[in-house]
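Colleague: As input, take upload25.cif (mmCIF, C-alpha atoms):
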data_data
loop_
_atom_site.label_atom_id
_atom_site.label_comp_id
_atom_site.auth_asym_id
_atom_site.auth_seq_id
_atom_site.Cartn_x
_atom_site.Cartn_y
_atom_site.Cartn_z
CA SER N 210 48.50 38.80 -22.18
CA ASN N 211 46.81 37.15 -19.21
CA HIS N 212 48.89 38.18 -16.20
CA VAL N 213 46.77 36.23 -13.72
CA ILE N 214 47.39 32.90 -15.40
CA ALA N 215 51.01 33.88 -16.08
CA LYS N 216 51.66 34.31 -12.36
CA SER N 217 49.84 31.10 -11.52
CA ARG N 218 51.85 29.10 -14.05
CA PHE N 219 55.03 30.75 -12.79
CA TRP N 220 54.42 29.38 -9.29
CA TYR N 221 53.44 26.00 -10.72
CA PHE N 222 56.73 25.59 -12.59
CA VAL N 223 58.98 27.26 -10.04
CA SER N 224 57.70 25.03 -7.24
CA MET N 225 58.56 22.03 -9.38
CA LEU N 226 62.10 23.23 -10.02
CA ARG N 227 63.08 24.94 -6.76
CA ARG N 228 62.02 24.72 -3.14
CA VAL N 229 59.74 27.76 -3.14
CA LYS N 230 56.02 28.27 -3.14
CA LYS N 231 53.74 31.25 -3.57
CA ALA N 232 53.34 31.77 0.16
CA HIS N 233 57.12 32.02 0.60
CA GLY N 234 57.95 33.96 -2.52
CA GLU N 235 57.19 37.28 -4.14
CA ILE N 236 56.86 38.14 -7.79
CA ILE N 237 58.72 41.41 -8.19
CA SER N 238 57.99 42.14 -11.80
CA ILE N 239 55.83 40.74 -14.53
CA LYS N 240 56.24 41.95 -18.08
CA GLU N 241 54.86 40.69 -21.34
CA VAL N 242 57.54 39.58 -23.77
CA PHE N 243 56.63 40.93 -27.19
CA GLU N 244 57.66 39.40 -30.48
CA THR N 245 60.79 40.97 -31.96
CA ARG N 246 59.73 40.50 -35.58
CA PRO N 247 55.95 40.00 -35.85
CA GLY N 248 56.04 40.98 -39.53
CA VAL N 249 57.69 37.73 -40.64
CA VAL N 250 56.16 34.26 -40.74
CA LYS N 251 58.30 31.74 -38.87
CA ASN N 252 58.38 28.03 -38.13
CA TYR N 253 58.24 27.06 -34.48
CA GLY N 254 59.14 23.76 -32.84
CA VAL N 255 57.31 23.10 -29.59
CA TRP N 256 58.50 20.48 -27.15
CA LEU N 257 55.86 19.56 -24.63
CA ARG N 258 54.79 17.05 -22.04
CA TYR N 259 51.12 16.30 -21.55
CA ASP N 260 48.97 14.05 -19.39
CA SER N 261 46.56 11.88 -21.30
CA ARG N 262 43.80 9.95 -19.58
CA THR N 263 46.13 7.01 -19.01
CA GLY N 264 49.68 8.38 -18.82
CA HIS N 265 52.17 11.13 -19.55
CA HIS N 266 53.75 11.64 -22.96
CA ASN N 267 56.41 13.83 -24.55
CA MET N 268 55.79 15.41 -27.89
CA TYR N 269 57.49 17.51 -30.48
CA ARG N 270 55.16 19.56 -32.65
CA GLU N 271 55.68 22.18 -35.32
CA TYR N 272 53.62 25.27 -36.10
CA ARG N 273 53.80 28.18 -38.48
CA ASP N 274 53.00 31.60 -37.08
CA ASN N 275 54.39 35.11 -36.89
CA THR N 276 54.76 35.18 -33.09
CA VAL N 277 55.88 32.74 -30.41
CA ALA N 278 52.71 33.42 -28.44
CA GLY N 279 50.62 32.67 -31.51
CA ALA N 280 52.43 29.39 -32.11
CA VAL N 281 51.92 28.31 -28.49
CA THR N 282 48.25 29.24 -28.65
CA GLN N 283 47.97 27.12 -31.79
CA CYS N 284 49.68 24.30 -29.89
CA TYR N 285 47.19 24.40 -27.03
CA ARG N 286 44.24 24.44 -29.43
CA ASP N 287 45.77 21.65 -31.51
CA MET N 288 46.46 19.44 -28.48
CA GLY N 289 42.91 19.98 -27.27
CA ALA N 290 41.54 19.07 -30.65
CA ARG N 291 43.73 16.10 -31.51
CA HIS N 292 44.34 14.57 -28.07
CA ARG N 293 41.62 16.11 -25.90
CA ALA N 294 44.42 17.46 -23.70
CA GLN N 295 43.21 20.28 -21.47
CA ALA N 296 45.46 23.30 -21.04
CA ASP N 297 46.20 22.59 -17.41
CA ARG N 298 47.49 19.13 -18.34
CA ILE N 299 50.02 20.46 -20.85
CA GLN N 300 53.52 21.59 -19.92
CA ILE N 301 55.35 23.44 -22.64
CA ILE N 302 58.99 22.52 -22.15
CA LYS N 303 60.53 24.54 -24.94
CA VAL N 304 59.48 26.69 -27.87
CA GLN N 305 62.06 27.55 -30.47
CA GLN N 306 62.02 29.20 -33.83
CA ILE N 307 63.46 26.67 -36.26
CA LYS N 308 64.89 27.08 -39.72
CA ALA N 309 62.88 25.79 -42.64
CA SER N 310 65.54 23.14 -43.33
CA ASP N 311 65.14 21.77 -39.80
CA CYS N 312 61.39 21.26 -40.01
CA LYS N 313 60.13 17.72 -40.02
CA ARG N 314 56.36 17.79 -40.28
CA PRO N 315 54.89 17.55 -43.80
CA THR N 316 52.02 19.93 -42.98
CA ILE N 317 54.64 22.60 -42.29
CA LEU N 318 57.01 21.63 -45.09
CA GLN N 319 54.28 22.02 -47.68
CA PHE N 320 54.31 25.79 -47.11
CA HIS N 321 58.04 26.08 -47.70
CA ASP N 322 57.67 27.20 -51.27
CA SER N 323 58.62 30.71 -52.33
CA LYS N 324 56.33 30.41 -55.37
CA ILE N 325 53.43 28.89 -53.47
CA LYS N 326 50.04 29.43 -54.99
CA PHE N 327 46.62 27.86 -54.65
CA PRO N 328 43.04 28.83 -55.39
CA LEU N 329 40.21 29.10 -52.91
CA PRO N 330 37.90 26.46 -54.35
CA HIS N 331 34.25 26.20 -53.38
CA ARG N 332 34.33 29.51 -51.54
CA VAL N 333 31.56 29.53 -48.95
CA THR N 334 31.27 33.03 -47.54
CA LYS N 335 28.84 34.29 -44.94
CA ARG N 336 26.24 36.25 -46.83
CA LYS N 337 24.66 38.80 -44.56
CA SER N 338 21.52 39.69 -46.47
CA VAL N 339 20.36 36.46 -48.07
CA ALA N 340 16.82 35.59 -49.12
CA LYS N 341 15.08 32.72 -47.41
CA PHE N 342 14.26 30.99 -50.70
CA ALA N 343 16.22 30.98 -53.94
CA THR N 344 15.82 29.47 -57.36
CA ARG N 345 19.53 29.08 -58.05
CA ARG N 346 22.38 27.56 -56.13
CA PRO N 347 24.99 30.13 -55.05
CA ARG N 348 28.11 30.75 -57.11
CA THR N 349 31.15 29.60 -55.15
CA HIS N 350 33.98 30.37 -57.60
CA MET H 238 39.54 27.29 -64.17
CA TYR H 239 40.41 29.33 -61.10
CA GLN H 240 41.76 32.60 -62.41
CA ARG H 241 42.66 34.22 -59.11
CA LEU H 242 45.09 32.38 -56.89
CA VAL H 243 46.32 33.00 -53.40
CA GLN H 244 49.99 33.76 -53.99
CA ILE H 245 52.70 36.06 -52.75
CA GLY H 246 52.06 39.38 -54.44
CA ARG H 247 48.31 38.96 -54.91
CA VAL H 248 46.40 42.13 -54.14
CA VAL H 249 43.46 41.43 -51.86
CA TYR H 250 40.38 43.38 -50.83
CA LEU H 251 39.64 43.25 -47.10
CA THR H 252 36.01 42.62 -46.22
CA LYS H 253 35.98 42.42 -42.43
CA GLY H 254 37.43 44.26 -39.50
CA PRO H 255 38.51 47.86 -39.05
CA ASP H 256 40.31 47.84 -42.42
CA ALA H 257 37.26 46.69 -44.37
CA GLY H 258 37.15 48.14 -47.86
CA LYS H 259 40.92 48.57 -48.20
CA LEU H 260 43.44 46.85 -50.43
CA ALA H 261 46.52 44.95 -49.29
CA VAL H 262 49.14 42.59 -50.70
CA ILE H 263 49.80 39.00 -49.62
CA VAL H 264 53.39 39.09 -48.40
CA ASP H 265 53.61 35.54 -47.08
CA ILE H 266 51.38 32.56 -46.42
CA VAL H 267 51.18 31.30 -42.84
CA ASP H 268 49.15 28.17 -43.43
CA GLY H 269 46.09 26.91 -45.25
CA ASN H 270 43.85 29.49 -43.62
CA ARG H 271 45.94 32.59 -43.01
CA ALA H 272 48.18 34.98 -44.85
CA LEU H 273 50.49 37.80 -43.83
CA ILE H 274 49.27 40.93 -45.60
CA ASP H 275 50.55 44.47 -45.87
CA GLY H 276 49.01 47.58 -47.39
CA PRO H 277 51.46 50.48 -47.04
CA CYS H 278 49.76 52.53 -49.75
CA SER H 279 46.25 51.97 -48.42
CA GLY H 280 46.78 52.34 -44.68
CA VAL H 281 46.68 48.65 -43.75
CA ALA H 282 49.21 47.62 -41.11
CA ARG H 283 51.25 44.50 -41.67
CA LYS H 284 49.32 41.66 -40.06
CA VAL H 285 48.10 38.09 -40.33
CA VAL H 286 44.52 37.66 -41.53
CA ASN H 287 42.30 34.72 -42.35
CA PHE H 288 41.41 34.09 -46.00
CA LYS H 289 37.78 34.35 -44.97
CA SER H 290 38.14 38.06 -44.37
CA LEU H 291 39.62 38.88 -47.74
CA GLN H 292 38.70 38.62 -51.40
CA LEU H 293 41.22 38.11 -54.21
CA THR H 294 41.51 40.78 -56.88
CA LYS H 295 42.96 40.34 -60.33
CA PHE H 296 45.95 42.54 -59.51
CA ASP H 297 49.47 41.30 -58.84
CA VAL H 298 52.52 42.95 -57.36
CA LYS H 299 56.06 41.68 -57.93
CA ILE H 300 57.37 40.99 -54.44
CA ARG H 301 59.37 38.26 -52.79
CA HIS H 302 58.13 36.51 -49.69
CA SER H 303 58.48 38.41 -46.37
CA MET H 304 59.54 41.61 -48.12
CA ARG H 305 59.70 44.62 -45.83
CA THR H 306 56.98 47.26 -45.90
CA GLY H 307 59.17 49.85 -47.64
CA ASN H 308 59.93 47.54 -50.54
CA VAL H 309 56.31 46.43 -50.75
CA LYS H 310 55.35 50.09 -51.11
CA LYS H 311 57.85 50.54 -53.95
CA ALA H 312 56.62 47.46 -55.78
CA TRP H 313 52.99 48.57 -55.29
CA GLU H 314 53.67 51.98 -56.79
CA GLU H 315 55.59 50.43 -59.67
CA ALA H 316 52.71 48.11 -60.47
CA LYS H 317 50.31 51.11 -60.25
CA VAL H 318 47.79 49.06 -58.33
CA SER H 319 45.81 51.99 -56.91
CA GLU H 320 45.18 53.45 -60.39
CA GLY H 321 44.31 50.05 -61.85
CA TRP H 322 41.92 49.41 -58.99
CA GLY H 323 40.24 52.78 -59.40
CA LYS H 324 39.50 51.95 -63.05
CA SER H 325 38.13 48.50 -62.31
CA LEU H 326 34.41 47.73 -62.40
CA TRP H 327 34.58 46.42 -58.84
CA ALA H 328 35.82 49.73 -57.43
CA LYS H 329 33.28 51.66 -59.51
CA LYS H 330 30.45 49.48 -58.18
CA ILE H 331 31.59 50.09 -54.62
CA ALA H 332 31.63 53.85 -55.24
CA GLN H 333 28.19 53.62 -56.86
CA ARG H 334 26.77 51.72 -53.90
CA ALA H 335 28.22 54.29 -51.51
CA LEU H 336 26.66 57.12 -53.51
CA GLN H 337 23.28 55.40 -53.63
CA SER H 338 23.20 54.72 -49.92
CA ASN H 339 24.02 58.36 -49.16
CA MET H 340 21.24 59.76 -51.34
CA ASN H 341 18.64 61.93 -49.69
CA ASP H 342 15.10 62.38 -50.93
CA PHE H 343 16.03 65.31 -53.18
CA ASP H 344 18.79 63.23 -54.81
CA ARG H 345 16.33 60.42 -55.45
CA PHE H 346 13.93 62.92 -56.99
CA LYS H 347 16.67 64.25 -59.24
CA LEU H 348 17.57 60.66 -60.22
CA MET H 349 13.95 59.92 -61.08
CA LYS H 350 13.74 63.01 -63.26
CA ALA H 351 17.02 62.18 -64.97
CA LYS H 352 15.81 58.64 -65.70
CA GLN H 353 12.51 60.00 -67.04
CA MET H 354 14.37 62.41 -69.33
CA ARG H 355 16.64 59.64 -70.62
CA SER H 356 13.81 57.21 -71.31
CA ARG H 357 11.84 59.99 -72.99
CA ILE H 358 14.71 60.63 -75.40
CA ILE H 359 15.08 56.91 -76.12
CA ARG H 360 11.33 56.45 -76.69
CA THR H 361 11.09 59.38 -79.10
CA GLU H 362 14.02 58.06 -81.13
CA MET H 363 12.49 54.59 -81.11
CA GLY H 364 9.20 56.07 -82.27
CA LYS H 365 10.93 57.85 -85.14
CA LEU H 366 12.67 54.63 -86.18
CA LYS H 367 9.38 52.73 -86.09
CA LYS H 368 7.69 55.41 -88.21
CA THR H 369 10.39 55.25 -90.90
CA GLN H 370 10.19 51.46 -90.88
CA LYS H 371 6.37 51.56 -91.25
CA LYS H 372 6.74 53.94 -94.20
CA THR H 373 9.26 51.68 -95.93
CA THR H 374 7.11 48.54 -95.39
CA ALA H 375 3.97 50.42 -96.53
CA LYS H 376 5.76 51.45 -99.73
CA LYS H 377 6.57 47.83 -100.44
#
Mind turning this structure into structure tokens?
Modeller:
Amino acid sequence: SNHVIAKSRFWYFVSMLRRVKKAHGEIISIKEVFETRPGVVKNYGVWLRYDSRTGHHNMYREYRDNTVAGAVTQCYRDMGARHRAQADRIQIIKVQQIKASDCKRPTILQFHDSKIKFPLPHRVTKRKSVAKFATRRPRTH
Amino acid sequence: MYQRLVQIGRVVYLTKGPDAGKLAVIVDIVDGNRALIDGPCSGVARKVVNFKSLQLTKFDVKIRHSMRTGNVKKAWEEAKVSEGWGKSLWAKKIAQRALQSNMNDFDRFKLMKAKQMRSRIIRTEMGKLKKTQKKTTAKK
């Protein structure tokens, strides 16, 4: 959805793979690839390479989302949170929708339950009009 | 202890966004924070929302995970969710709040008069009951 960064990353990767740079090349067409089935939740495996402060590392990560773009966005946020990896230091090598039986990560496997159910315990919701002082603690269930 | 659970088929009430105030069904669960919802009978497009923007209702629809919108609609109509919702206290309170907020001064005047009339009737009946009780205690 960001065509400016898309073009920039295109030149970044293409220059790595072929002997061409932005000054010598021309982007003829740029189109957003939309999700074929955004109404279904899928499991995605993301293979990536990232630069940490002291070296480069390969990773395989799994995410649950309804679109590829959503899963990759989750990946960038997750890498930033868990490894302090900035977006420009991450190279997504491959993203693939994977079958539930091929998933490895327990945080993803725990949602592979057709009869899944859980409560929302200690529900803290933003209360718009709330008095400054109260005599009772709020009800969170 | 927790009567309402997040589960596939749970009818939810949306509180935020352009579809606020509408009902939808949880079709699938994405992760610990998000669910895929669909509301074909209430005008909610199939989409992923955060649990924070929805509230669980007591209604349930018999669907399987990732069911298509057409089948969700059939199951919704079979479970008669819209009618059940309309009869619930929650929906009635929402309607009441909407009415109250749209009252103009004349409506508020009419409400005041209606309340006065009602309390007048109650007080006169109460007075009559007290009188009969006084009589019976005086006799004793």
Colleague: Report as a tab-separated table the residues of chain N within 10 Å of chain H, each with its shortest atom pair and distance in Å (one decimal), using all atoms listed in the file, ordered by chain and increasing residue number.
Modeller:
residue	atom	partner	partner_atom	distance
N:Pro247	CA	H:Lys284	CA	8.0
N:Gly248	CA	H:Arg283	CA	6.3
N:Val249	CA	H:Ser303	CA	5.8
N:Val250	CA	H:Val267	CA	6.2
N:Lys251	CA	H:Val267	CA	8.2
N:Asn252	CA	H:Val267	CA	9.2
N:Tyr272	CA	H:Asp268	CA	9.1
N:Arg273	CA	H:Val267	CA	6.0
N:Asp274	CA	H:Val267	CA	6.0
N:Asn275	CA	H:Val267	CA	7.8
N:Thr316	CA	H:Asp268	CA	8.7
N:Ile317	CA	H:Asp268	CA	7.9
N:Gln319	CA	H:Asp268	CA	9.1
N:Phe320	CA	H:Asp268	CA	6.8
N:His321	CA	H:Ile266	CA	9.4
N:Asp322	CA	H:His302	CA	9.5
N:Ser323	CA	H:His302	CA	6.4
N:Lys324	CA	H:Ile245	CA	7.2
N:Ile325	CA	H:Gln244	CA	6.0
N:Lys326	CA	H:Gln244	CA	4.4
N:Phe327	CA	H:Leu242	CA	5.3
N:Pro328	CA	H:Leu242	CA	4.4
N:Leu329	CA	H:Leu242	CA	7.1
N:Pro330	CA	H:Tyr239	CA	7.8
N:Arg332	CA	H:Lys289	CA	8.9
N:Val333	CA	H:Lys289	CA	8.8
N:Thr334	CA	H:Lys289	CA	7.1
N:Lys335	CA	H:Lys289	CA	8.9
N:His350	CA	H:Tyr239	CA	7.4
Colleague: Write out as a ChimeraX atom specification the residues lying within 8 Å of Val248 of chain H, counting all atoms listed in the file and excluding same-chain residues fewer than 3 positions away.
Modeller: /H:260-263,293-298
Colleague: Could you give me, as a short mmCIF file (atom, residue, chain, number, x, y, z; two decimals) with C-alpha atoms, in the coordinates of the input, the residues that have an atom at most 6 Å away from the point (59.4, 22.1, -32.0) in the coordinates of the file, using all atoms listed in the file?
Modeller:
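Now in out.cif:
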data_model
loop_
_atom_site.label_atom_id
_atom_site.label_comp_id
_atom_site.auth_asym_id
_atom_site.auth_seq_id
_atom_site.Cartn_x
_atom_site.Cartn_y
_atom_site.Cartn_z
CA TYR N 253 58.24 27.06 -34.48
CA GLY N 254 59.14 23.76 -32.84
CA VAL N 255 57.31 23.10 -29.59
CA TRP N 256 58.50 20.48 -27.15
CA TYR N 269 57.49 17.51 -30.48
CA ARG N 270 55.16 19.56 -32.65
CA GLU N 271 55.68 22.18 -35.32
#
Colleague: Give the answer as one residue: which of N:Trp220, N:Phe243, N:Gly289, N:Arg298 has the shortest atom-to-atom distance to Gly264 of chain N, using all atoms listed in the file?
Modeller: N:Arg298
Colleague: Can you list what the PyMOL selection byres ((chain N and resi 230-233) around 10) grabs from this structure, as a compact mmCIF listing (two decimals) with C-alpha atoms, in the frame of the given file?
Modeller:
# COMPACT_ATOMS: atom_id res chain seq x y z
CA LYS N 216 51.66 34.31 -12.36
CA SER N 217 49.84 31.10 -11.52
CA PHE N 219 55.03 30.75 -12.79
CA TRP N 220 54.42 29.38 -9.29
CA TYR N 221 53.44 26.00 -10.72
CA PHE N 222 56.73 25.59 -12.59
CA VAL N 223 58.98 27.26 -10.04
CA SER N 224 57.70 25.03 -7.24
CA MET N 225 58.56 22.03 -9.38
CA ARG N 227 63.08 24.94 -6.76
CA ARG N 228 62.02 24.72 -3.14
CA VAL N 229 59.74 27.76 -3.14
CA GLY N 234 57.95 33.96 -2.52
CA GLU N 235 57.19 37.28 -4.14
CA ILE N 236 56.86 38.14 -7.79
Colleague: Rounded to one decimal in Å, what is the spacing between atom CA of Tyr259 of chain N and atom CA of His292 of chain N?
Modeller: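 Straight-line distance from atom CA of Tyr259 of chain N to atom CA of His292 of chain N works out to 9.6 Å.
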Colleague: So how far away is atom CA of Thr276 of chain N from atom CA of Val304 of chain N, in Å?
Modeller: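 Rounded to one decimal, the two atoms are 11.0 Å apart.
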Colleague: What's the separation between atom CA of Lys299 of chain H and atom CA of Trp313 of chain H, in Å to one decimal place?
Modeller: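 Rounded to one decimal, the two atoms are 8.0 Å apart.
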Colleague: Skipping near chain neighbours, those fewer than 5 positions away, what residues fall within 8 Å of Lys310 of chain H using all atoms listed in the file, listed as a PyMOL selection string?
Modeller: chain H and resi 276-278
Colleague: Between N:Val277, N:Ala294, N:Ala215, N:Cys284, which residue has the minimum interatomic distance to Gln306 of chain N, considering all atoms listed in the file?
Modeller: N:Val277
